[in-house]
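Chemist: Here it is, the structure, as structure tokens.
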Amino acid sequence: MSNLRNVAESYCQANGHKFVRPVGAGAFKETFEVILSTGEPQALKVFKPGYSPERTARELSAMQRCAHPHIGRLTAIASYYFDGVQYLLTAEEFLGGGTLTARLARGILPLSETLALGRQLVEAVAHIAANDLVHRDIKPDNIMFRDDGSTPVVVDFGLVRDLELTSLTQTWNLRGPGTPLFAPPEQLRNDKALIDWRADQFSLGVVLAYCAFGFHPYQREHESMGQTVEHVGERHPQDERFVQAARTSGLQPLIRMTAAWPIHRFRTPDLLQKIWNEASI
Amino acid sequence: MPAFHQMGHDSENLLSVPGLERFAGAILSPVNYNQGKIASQIDWARTRNGFRTIFDPQLYVPTTSRGQIRDWPYFPNDVDTADLSSDVWWGRLVDGLVDVCQSLSLTDVCSPAVLPRTYADEYYDRLVGVGNLLHQRLRDSPVAAIQTAVVGLADLSALNRAMTIASILSRSKTGHIYLVFDSQTEPRRELAQGDEISGAMRLIDALVQANMTVTVGFSSSDLVLWKAAGATNCATGKFFNLRRFTKARFEEPTGQGGGQLPYWFEESVMSFLRQSDVQRIIPMQLPRLNGAENPFSVQILSQLTSEPERAWLALAWRQFMFWFADAEHRLDSGAVSAATLLRNADRNWGQLDDADFITEERRNDGGWIRPWRRAVSEFQTATGAA
């Protein structure tokens, strides 16, 4: 049993909440399902002590700034002492519909479902952009569904970039933060000056390509994920198989969303929303 | 889209010259005119339907000793000592600029920009930050903000540099870029570095493909290159038959226009010619394309015949500006293409060479035409443009 679970259980006991089960673990925090004393299910996140307080503060600030049906809602922030160590805990709405990763494990989505999912997630990305934020880690693991199983919600702002504040990423880093398989070239190359909302647009495009076609836009057939990431980092052209699939399926906006240079993607969230909403399959 | 007139010293009389009506707007300069003078230029512009009055705050090299600029209320009195990385300083400047623009009832204003020591990503990011601030402050105003982007031409020779710069500039909320190329090219020489030109063309194309309006300021005959790349508008002034936008130009004395000689712009060789060249080339009747008859060319030739000693500098400015606006119109409408103009000029230079024609100026030999042709050709191949 992890130490963070002990912290979560102790916190629940002290506050009259019911601890239900662990639901996920990342490098810097673990998530547990709990039921508050009011009967409301919540996702309780316990942060490892000492993990970049600045990043954590930005994550929480970002979530507080966002208020959108397709973005995870932060409900409480607490500090809790356990065995003499101070822990940071947050409570977020509990999303019972599982992750997009789990959904994709059952197979690709019908095009109509990808189109609908894209419409909702484009709205979420536009809302994040309107708050001068870049999520920087949009991927199937960070897209969850509400209990209805069809309403997607973007979660985990742990790598958020606040464009109004100085970047926390060191320029000497070979690679910027993010999940390589879903990251745009500017994140992979740590081209900090190029990071803006279009980085999220790229990642969302990759996610939707996986949903619709089951492969990455830059993935040549029979290639490893590492080679695919290398293509993205080197700004090679998208694979012709993807371009054809996007064209014939009616999901052409994906081609522009996943362009290697930000200038070649949709320039504004409004434009992306308009074009995506006009797409027909 | 039509050409804009880049106002310089003693240029206002050119605004209303019959024959130059194709200019659809003026880029107004606070260096050469005080607020009262500019107000009267705007009053005149209101008499012309749809004429744009675009104010360029001209902070490129912000020293307090430049022309009349220090008398403008937005001009910061601490400009020589200010910390140019301060948001507060830029905020105050933008506020002052907004007040001036609203009181003048301009149609557009370019965001203030200073020239950097080096053209780093952070510089472009700062430009866009200032432009977006101006855009925000003008949100409820009839005055439109335009994003100034000063780009080092030498930088553009590096592979992918144009895409990086375009990616940053395209964050501008204004949707309209006022592009100023800072080159090292000396006065009276044409741009001739093919890789720099190609980079500049890629930059313009990328911005236009992102649905942005691109106005290239301080243009000269290089307008054919920028139009081939898709530039929405180009701007020129009477001095741009001679000078380009370089840091050095800010060190030259202002007000006299550099003691100019008159130059004739000859499209058939895409070159500025001295008087003796004109008198020898015109009789050769080199093949020309379908340009409108330039009324100022007619006047100059007539004067050279009847009064060969009489100065024709003022007519030379008009002759160049007429050509500029006419060429932009023909390129826009598809009546002629940059590739065709340059091919014709290249052939004509060959003919001049065969005839052992020696121009008055040693370097006026058409040597830039082939790099231009190549840049246009490579651009067309890369983009699939016709």
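Every chain in the structure tokens has a letter given in the order shown (A, B, ...), and although residue numbers restart at 1 in each chain, ligands are simply numbered from 1 in the order shown.
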Using DSSP on the backbone coordinates, identify the residues of segment 13-192 of chain A assigned to strand (DSSP E); present them as JSON, numbers by chain.
Modeler: {"A": [18, 19, 20, 21, 22, 23, 24, 25, 29, 30, 31, 32, 33, 34, 35, 41, 42, 43, 44, 45, 46, 47, 74, 75, 76, 77, 78, 79, 80, 81, 82, 85, 86, 87, 88, 89, 90, 91, 92, 93, 133, 134, 143, 144, 145, 152, 153, 154, 161, 162]}
Chemist: Can you pull out the residues contacting Ala39 of chain B? Cut-off 12 Å, using only C-alpha atoms, and skip same-chain residues under 2 positions away; I want them as a ChimeraX atom specification.
Modeler: /B:12,28-30,33-37,41-46,53,55,100-106
Chemist: Can you tell me, as a ChimeraX atom specification, what residues are no more than 8 Å from Met212 of chain B when counting only C-alpha atoms, ignoring any on the same chain fewer than 4 positions away?
Modeler: /B:170,175-177,207-208
Chemist: For chain A, which residues have at least one atom within 10 Å of chain B, if we go by only C-alpha atoms? Write them as a PyMOL selection string, please.
Modeler: chain A and resi 186+191-198+261-268
Chemist: I want to know what sits within 9 Å of Ala192 of chain B, based on only C-alpha atoms, with residues of the same chain fewer than 4 positions away left out; could you give that as a list of chain:residue names?
Modeler: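 Residues meeting the cut-off are B:Thr185, B:Glu196, B:Ile197, B:Gly367, B:Trp368, B:Ile369, B:Arg370, B:Pro371, B:Trp372.
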Chemist: List as a PDB file with N, CA, C and O atoms, in the first residue's frame the protein and nucleic acid residues near segment 203-212 of chain A, meaning an atom at most 10 Å away when only C-alpha atoms are counted, but skip any in the same chain fewer than 4 places from it.
Modeler:
ATOM      1  N   LEU A 100     -10.348   7.910 -22.003  1.00  0.00           N
ATOM      2  CA  LEU A 100     -10.386   7.638 -23.444  1.00  0.00           C
ATOM      3  C   LEU A 100      -9.433   6.489 -23.776  1.00  0.00           C
ATOM      4  O   LEU A 100      -9.681   5.713 -24.701  1.00  0.00           O
ATOM      5  N   THR A 101      -8.373   6.370 -23.005  1.00  0.00           N
ATOM      6  CA  THR A 101      -7.444   5.252 -23.217  1.00  0.00           C
ATOM      7  C   THR A 101      -8.193   3.927 -23.098  1.00  0.00           C
ATOM      8  O   THR A 101      -8.047   3.030 -23.945  1.00  0.00           O
ATOM      9  N   ARG A 103     -11.364   3.476 -23.432  1.00  0.00           N
ATOM     10  CA  ARG A 103     -12.322   3.356 -24.536  1.00  0.00           C
ATOM     11  C   ARG A 103     -11.615   2.859 -25.807  1.00  0.00           C
ATOM     12  O   ARG A 103     -12.128   1.990 -26.511  1.00  0.00           O
ATOM     13  N   LEU A 104     -10.437   3.415 -26.079  1.00  0.00           N
ATOM     14  CA  LEU A 104      -9.722   3.041 -27.303  1.00  0.00           C
ATOM     15  C   LEU A 104      -9.165   1.625 -27.229  1.00  0.00           C
ATOM     16  O   LEU A 104      -8.885   1.014 -28.265  1.00  0.00           O
ATOM     17  N   GLY A 107     -11.131  -0.528 -29.235  1.00  0.00           N
ATOM     18  CA  GLY A 107     -11.136  -0.329 -30.691  1.00  0.00           C
ATOM     19  C   GLY A 107     -11.359   1.120 -31.061  1.00  0.00           C
ATOM     20  O   GLY A 107     -11.681   1.947 -30.199  1.00  0.00           O
ATOM     21  N   ILE A 108     -11.142   1.436 -32.355  1.00  0.00           N
ATOM     22  CA  ILE A 108     -11.317   2.825 -32.790  1.00  0.00           C
ATOM     23  C   ILE A 108     -12.795   3.202 -32.709  1.00  0.00           C
ATOM     24  O   ILE A 108     -13.663   2.337 -32.641  1.00  0.00           O
ATOM     25  N   LEU A 109     -13.045   4.510 -32.731  1.00  0.00           N
ATOM     26  CA  LEU A 109     -14.419   4.992 -32.604  1.00  0.00           C
ATOM     27  C   LEU A 109     -15.045   5.147 -33.988  1.00  0.00           C
ATOM     28  O   LEU A 109     -14.342   5.432 -34.959  1.00  0.00           O
ATOM     29  N   PRO A 110     -16.354   5.015 -34.067  1.00  0.00           N
ATOM     30  CA  PRO A 110     -17.020   5.344 -35.338  1.00  0.00           C
ATOM     31  C   PRO A 110     -16.738   6.819 -35.670  1.00  0.00           C
ATOM     32  O   PRO A 110     -16.576   7.640 -34.762  1.00  0.00           O
ATOM     33  N   LEU A 111     -16.712   7.143 -36.961  1.00  0.00           N
ATOM     34  CA  LEU A 111     -16.368   8.518 -37.358  1.00  0.00           C
ATOM     35  C   LEU A 111     -17.316   9.539 -36.730  1.00  0.00           C
ATOM     36  O   LEU A 111     -16.896  10.617 -36.310  1.00  0.00           O
ATOM     37  N   SER A 112     -18.603   9.185 -36.661  1.00  0.00           N
ATOM     38  CA  SER A 112     -19.565  10.140 -36.100  1.00  0.00           C
ATOM     39  C   SER A 112     -19.236  10.430 -34.639  1.00  0.00           C
ATOM     40  O   SER A 112     -19.371  11.553 -34.162  1.00  0.00           O
ATOM     41  N   GLU A 113     -18.756   9.415 -33.949  1.00  0.00           N
ATOM     42  CA  GLU A 113     -18.413   9.601 -32.537  1.00  0.00           C
ATOM     43  C   GLU A 113     -17.141  10.447 -32.407  1.00  0.00           C
ATOM     44  O   GLU A 113     -17.038  11.299 -31.523  1.00  0.00           O
ATOM     45  N   THR A 114     -16.189  10.203 -33.316  1.00  0.00           N
ATOM     46  CA  THR A 114     -14.962  11.011 -33.296  1.00  0.00           C
ATOM     47  C   THR A 114     -15.299  12.472 -33.562  1.00  0.00           C
ATOM     48  O   THR A 114     -14.767  13.384 -32.922  1.00  0.00           O
ATOM     49  N   LEU A 115     -16.198  12.683 -34.500  1.00  0.00           N
ATOM     50  CA  LEU A 115     -16.582  14.050 -34.850  1.00  0.00           C
ATOM     51  C   LEU A 115     -17.221  14.747 -33.637  1.00  0.00           C
ATOM     52  O   LEU A 115     -16.887  15.892 -33.302  1.00  0.00           O
ATOM     53  N   LEU A 117     -16.930  13.875 -30.452  1.00  0.00           N
ATOM     54  CA  LEU A 117     -15.918  14.013 -29.395  1.00  0.00           C
ATOM     55  C   LEU A 117     -15.027  15.216 -29.698  1.00  0.00           C
ATOM     56  O   LEU A 117     -14.719  16.027 -28.814  1.00  0.00           O
ATOM     57  N   GLY A 118     -14.620  15.315 -30.958  1.00  0.00           N
ATOM     58  CA  GLY A 118     -13.759  16.431 -31.371  1.00  0.00           C
ATOM     59  C   GLY A 118     -14.434  17.767 -31.118  1.00  0.00           C
ATOM     60  O   GLY A 118     -13.808  18.710 -30.629  1.00  0.00           O
ATOM     61  N   LEU A 121     -14.148  18.544 -27.456  1.00  0.00           N
ATOM     62  CA  LEU A 121     -12.778  18.781 -26.996  1.00  0.00           C
ATOM     63  C   LEU A 121     -12.179  20.054 -27.611  1.00  0.00           C
ATOM     64  O   LEU A 121     -11.368  20.721 -26.977  1.00  0.00           O
ATOM     65  N   VAL A 122     -12.597  20.377 -28.818  1.00  0.00           N
ATOM     66  CA  VAL A 122     -12.158  21.647 -29.408  1.00  0.00           C
ATOM     67  C   VAL A 122     -12.672  22.812 -28.553  1.00  0.00           C
ATOM     68  O   VAL A 122     -11.965  23.780 -28.298  1.00  0.00           O
ATOM     69  N   VAL A 125     -10.390  23.019 -25.548  1.00  0.00           N
ATOM     70  CA  VAL A 125      -9.094  23.615 -25.895  1.00  0.00           C
ATOM     71  C   VAL A 125      -9.251  25.128 -26.111  1.00  0.00           C
ATOM     72  O   VAL A 125      -8.402  25.923 -25.694  1.00  0.00           O
ATOM     73  N   HIS A 135      -2.318  23.558 -22.064  1.00  0.00           N
ATOM     74  CA  HIS A 135      -2.380  22.362 -21.219  1.00  0.00           C
ATOM     75  C   HIS A 135      -1.086  21.555 -21.335  1.00  0.00           C
ATOM     76  O   HIS A 135      -0.522  21.105 -20.352  1.00  0.00           O
ATOM     77  N   ARG A 136      -0.600  21.373 -22.525  1.00  0.00           N
ATOM     78  CA  ARG A 136       0.662  20.692 -22.866  1.00  0.00           C
ATOM     79  C   ARG A 136       0.670  19.189 -22.619  1.00  0.00           C
ATOM     80  O   ARG A 136       1.724  18.565 -22.764  1.00  0.00           O
ATOM     81  N   ASP A 137      -0.457  18.607 -22.217  1.00  0.00           N
ATOM     82  CA  ASP A 137      -0.433  17.151 -22.025  1.00  0.00           C
ATOM     83  C   ASP A 137      -1.795  16.539 -22.367  1.00  0.00           C
ATOM     84  O   ASP A 137      -2.317  15.709 -21.630  1.00  0.00           O
ATOM     85  N   ILE A 138      -2.328  16.989 -23.489  1.00  0.00           N
ATOM     86  CA  ILE A 138      -3.601  16.414 -23.929  1.00  0.00           C
ATOM     87  C   ILE A 138      -3.329  15.063 -24.577  1.00  0.00           C
ATOM     88  O   ILE A 138      -2.564  14.972 -25.543  1.00  0.00           O
ATOM     89  N   LYS A 139      -3.902  14.047 -23.996  1.00  0.00           N
ATOM     90  CA  LYS A 139      -3.687  12.668 -24.459  1.00  0.00           C
ATOM     91  C   LYS A 139      -4.843  11.828 -23.943  1.00  0.00           C
ATOM     92  O   LYS A 139      -5.593  12.278 -23.053  1.00  0.00           O
ATOM     93  N   PRO A 140      -5.037  10.629 -24.460  1.00  0.00           N
ATOM     94  CA  PRO A 140      -6.193   9.816 -24.050  1.00  0.00           C
ATOM     95  C   PRO A 140      -6.262   9.571 -22.541  1.00  0.00           C
ATOM     96  O   PRO A 140      -7.352   9.520 -21.979  1.00  0.00           O
ATOM     97  N   ILE A 143      -8.101  12.427 -20.863  1.00  0.00           N
ATOM     98  CA  ILE A 143      -9.463  12.731 -21.301  1.00  0.00           C
ATOM     99  C   ILE A 143     -10.370  11.672 -20.669  1.00  0.00           C
ATOM    100  O   ILE A 143     -10.233  10.475 -20.947  1.00  0.00           O
ATOM    101  N   GLY A 178       5.922  17.055 -21.406  1.00  0.00           N
ATOM    102  CA  GLY A 178       4.812  16.558 -22.228  1.00  0.00           C
ATOM    103  C   GLY A 178       4.983  15.071 -22.458  1.00  0.00           C
ATOM    104  O   GLY A 178       6.016  14.492 -22.123  1.00  0.00           O
ATOM    105  N   THR A 179       3.975  14.446 -23.042  1.00  0.00           N
ATOM    106  CA  THR A 179       4.048  13.028 -23.378  1.00  0.00           C
ATOM    107  C   THR A 179       4.479  12.939 -24.839  1.00  0.00           C
ATOM    108  O   THR A 179       3.733  13.380 -25.723  1.00  0.00           O
ATOM    109  N   PRO A 180       5.677  12.420 -25.103  1.00  0.00           N
ATOM    110  CA  PRO A 180       6.249  12.531 -26.453  1.00  0.00           C
ATOM    111  C   PRO A 180       5.324  12.104 -27.585  1.00  0.00           C
ATOM    112  O   PRO A 180       5.251  12.773 -28.606  1.00  0.00           O
ATOM    113  N   LEU A 181       4.581  11.027 -27.409  1.00  0.00           N
ATOM    114  CA  LEU A 181       3.779  10.518 -28.522  1.00  0.00           C
ATOM    115  C   LEU A 181       2.694  11.507 -28.949  1.00  0.00           C
ATOM    116  O   LEU A 181       2.272  11.507 -30.097  1.00  0.00           O
ATOM    117  N   PHE A 182       2.268  12.362 -28.049  1.00  0.00           N
ATOM    118  CA  PHE A 182       1.189  13.301 -28.381  1.00  0.00           C
ATOM    119  C   PHE A 182       1.682  14.737 -28.493  1.00  0.00           C
ATOM    120  O   PHE A 182       0.899  15.642 -28.763  1.00  0.00           O
ATOM    121  N   ALA A 183       2.974  14.944 -28.264  1.00  0.00           N
ATOM    122  CA  ALA A 183       3.509  16.313 -28.216  1.00  0.00           C
ATOM    123  C   ALA A 183       3.835  16.830 -29.613  1.00  0.00           C
ATOM    124  O   ALA A 183       4.241  16.066 -30.488  1.00  0.00           O
ATOM    125  N   PRO A 184       3.661  18.133 -29.846  1.00  0.00           N
ATOM    126  CA  PRO A 184       4.048  18.733 -31.128  1.00  0.00           C
ATOM    127  C   PRO A 184       5.564  18.940 -31.172  1.00  0.00           C
ATOM    128  O   PRO A 184       6.232  18.868 -30.136  1.00  0.00           O
ATOM    129  N   ARG A 198      -1.690  26.471 -29.961  1.00  0.00           N
ATOM    130  CA  ARG A 198      -1.611  25.556 -31.101  1.00  0.00           C
ATOM    131  C   ARG A 198      -0.874  24.258 -30.751  1.00  0.00           C
ATOM    132  O   ARG A 198      -0.977  23.267 -31.472  1.00  0.00           O
ATOM    133  N   ALA A 199      -0.116  24.252 -29.635  1.00  0.00           N
ATOM    134  CA  ALA A 199       0.494  23.000 -29.164  1.00  0.00           C
ATOM    135  C   ALA A 199      -0.627  22.044 -28.729  1.00  0.00           C
ATOM    136  O   ALA A 199      -0.599  20.846 -29.035  1.00  0.00           O
ATOM    137  N   HIS A 216      -1.053   7.168 -35.456  1.00  0.00           N
ATOM    138  CA  HIS A 216      -0.539   8.532 -35.316  1.00  0.00           C
ATOM    139  C   HIS A 216      -0.340   9.155 -36.703  1.00  0.00           C
ATOM    140  O   HIS A 216       0.075   8.451 -37.633  1.00  0.00           O
ATOM    141  N   PRO A 217      -0.624  10.451 -36.861  1.00  0.00           N
ATOM    142  CA  PRO A 217      -0.483  11.077 -38.190  1.00  0.00           C
ATOM    143  C   PRO A 217       0.912  10.974 -38.804  1.00  0.00           C
ATOM    144  O   PRO A 217       1.059  11.036 -40.021  1.00  0.00           O
ATOM    145  N   TYR A 218       1.933  10.799 -37.981  1.00  0.00           N
ATOM    146  CA  TYR A 218       3.310  10.752 -38.507  1.00  0.00           C
ATOM    147  C   TYR A 218       3.864   9.324 -38.512  1.00  0.00           C
ATOM    148  O   TYR A 218       5.045   9.124 -38.768  1.00  0.00           O
ATOM    149  N   PHE A 242      -2.095   8.630 -43.417  1.00  0.00           N
ATOM    150  CA  PHE A 242      -2.937   9.484 -42.563  1.00  0.00           C
ATOM    151  C   PHE A 242      -3.635  10.553 -43.400  1.00  0.00           C
ATOM    152  O   PHE A 242      -4.838  10.790 -43.244  1.00  0.00           O
ATOM    153  N   ALA A 245      -6.431   9.023 -45.244  1.00  0.00           N
ATOM    154  CA  ALA A 245      -7.519   8.629 -44.335  1.00  0.00           C
ATOM    155  C   ALA A 245      -8.316   9.855 -43.902  1.00  0.00           C
ATOM    156  O   ALA A 245      -9.556   9.823 -43.862  1.00  0.00           O
ATOM    157  N   ALA A 246      -7.620  10.938 -43.615  1.00  0.00           N
ATOM    158  CA  ALA A 246      -8.310  12.152 -43.169  1.00  0.00           C
ATOM    159  C   ALA A 246      -9.173  12.703 -44.297  1.00  0.00           C
ATOM    160  O   ALA A 246     -10.313  13.122 -44.077  1.00  0.00           O
ATOM    161  N   SER A 249     -12.225  10.362 -45.096  1.00  0.00           N
ATOM    162  CA  SER A 249     -13.198  10.222 -44.002  1.00  0.00           C
ATOM    163  C   SER A 249     -13.998  11.494 -43.774  1.00  0.00           C
ATOM    164  O   SER A 249     -14.999  11.475 -43.062  1.00  0.00           O
ATOM    165  N   LEU A 251     -12.568  14.027 -42.292  1.00  0.00           N
ATOM    166  CA  LEU A 251     -11.929  14.675 -41.136  1.00  0.00           C
ATOM    167  C   LEU A 251     -10.670  15.446 -41.578  1.00  0.00           C
ATOM    168  O   LEU A 251      -9.636  15.410 -40.914  1.00  0.00           O
ATOM    169  N   PRO A 253      -9.828  18.515 -41.296  1.00  0.00           N
ATOM    170  CA  PRO A 253      -9.214  19.455 -40.353  1.00  0.00           C
ATOM    171  C   PRO A 253      -8.055  18.843 -39.562  1.00  0.00           C
ATOM    172  O   PRO A 253      -7.153  19.558 -39.118  1.00  0.00           O
ATOM    173  N   LEU A 254      -8.057  17.512 -39.440  1.00  0.00           N
ATOM    174  CA  LEU A 254      -6.968  16.876 -38.692  1.00  0.00           C
ATOM    175  C   LEU A 254      -5.618  17.105 -39.362  1.00  0.00           C
ATOM    176  O   LEU A 254      -4.584  17.155 -38.688  1.00  0.00           O
ATOM    177  N   ILE A 255      -5.615  17.252 -40.685  1.00  0.00           N
ATOM    178  CA  ILE A 255      -4.347  17.435 -41.399  1.00  0.00           C
ATOM    179  C   ILE A 255      -3.703  18.742 -40.952  1.00  0.00           C
ATOM    180  O   ILE A 255      -2.521  18.799 -40.620  1.00  0.00           O
ATOM    181  N   ARG A 256      -4.531  19.784 -40.906  1.00  0.00           N
ATOM    182  CA  ARG A 256      -3.988  21.088 -40.513  1.00  0.00           C
ATOM    183  C   ARG A 256      -3.703  21.134 -39.007  1.00  0.00           C
ATOM    184  O   ARG A 256      -2.724  21.747 -38.583  1.00  0.00           O
ATOM    185  N   MET A 257      -4.539  20.504 -38.228  1.00  0.00           N
ATOM    186  CA  MET A 257      -4.332  20.520 -36.767  1.00  0.00           C
ATOM    187  C   MET A 257      -2.987  19.913 -36.388  1.00  0.00           C
ATOM    188  O   MET A 257      -2.368  20.327 -35.413  1.00  0.00           O
ATOM    189  N   THR A 258      -2.554  18.915 -37.163  1.00  0.00           N
ATOM    190  CA  THR A 258      -1.329  18.211 -36.797  1.00  0.00           C
ATOM    191  C   THR A 258      -0.148  18.620 -37.679  1.00  0.00           C
ATOM    192  O   THR A 258       0.833  17.888 -37.794  1.00  0.00           O
ATOM    193  N   ALA A 259      -0.234  19.811 -38.284  1.00  0.00           N
ATOM    194  CA  ALA A 259       0.905  20.300 -39.084  1.00  0.00           C
ATOM    195  C   ALA A 259       2.110  20.522 -38.178  1.00  0.00           C
ATOM    196  O   ALA A 259       1.966  20.843 -36.997  1.00  0.00           O
TER     197      ALA A 259
END
Chemist: Between A:Leu95, A:Ala27, A:Leu89, A:Ala129, which has the minimum distance to Arg65 of chain A (counting only C-alpha atoms)?
Modeler: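 Closest candidate: A:Ala129.
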Chemist: What are the DSSP alpha helix (DSSP H) residues of segment 2-64 of chain A, as a PyMOL selection string?
Modeler: chain A and resi 3-15+53-64
Chemist: What is the distance, in Å and to one decimal place, between atom CA of Leu289 of chain B and atom CA of Glu186 of chain B?
Modeler: 29.1 Å
Chemist: When distances are computed from only C-alpha atoms, which of A:Val85, A:Ala8, A:Leu159, A:Thr151 shows the smallest separation from Phe28 of chain A?
Modeler: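 Smallest distance to Phe28 of chain A is found for A:Leu159.
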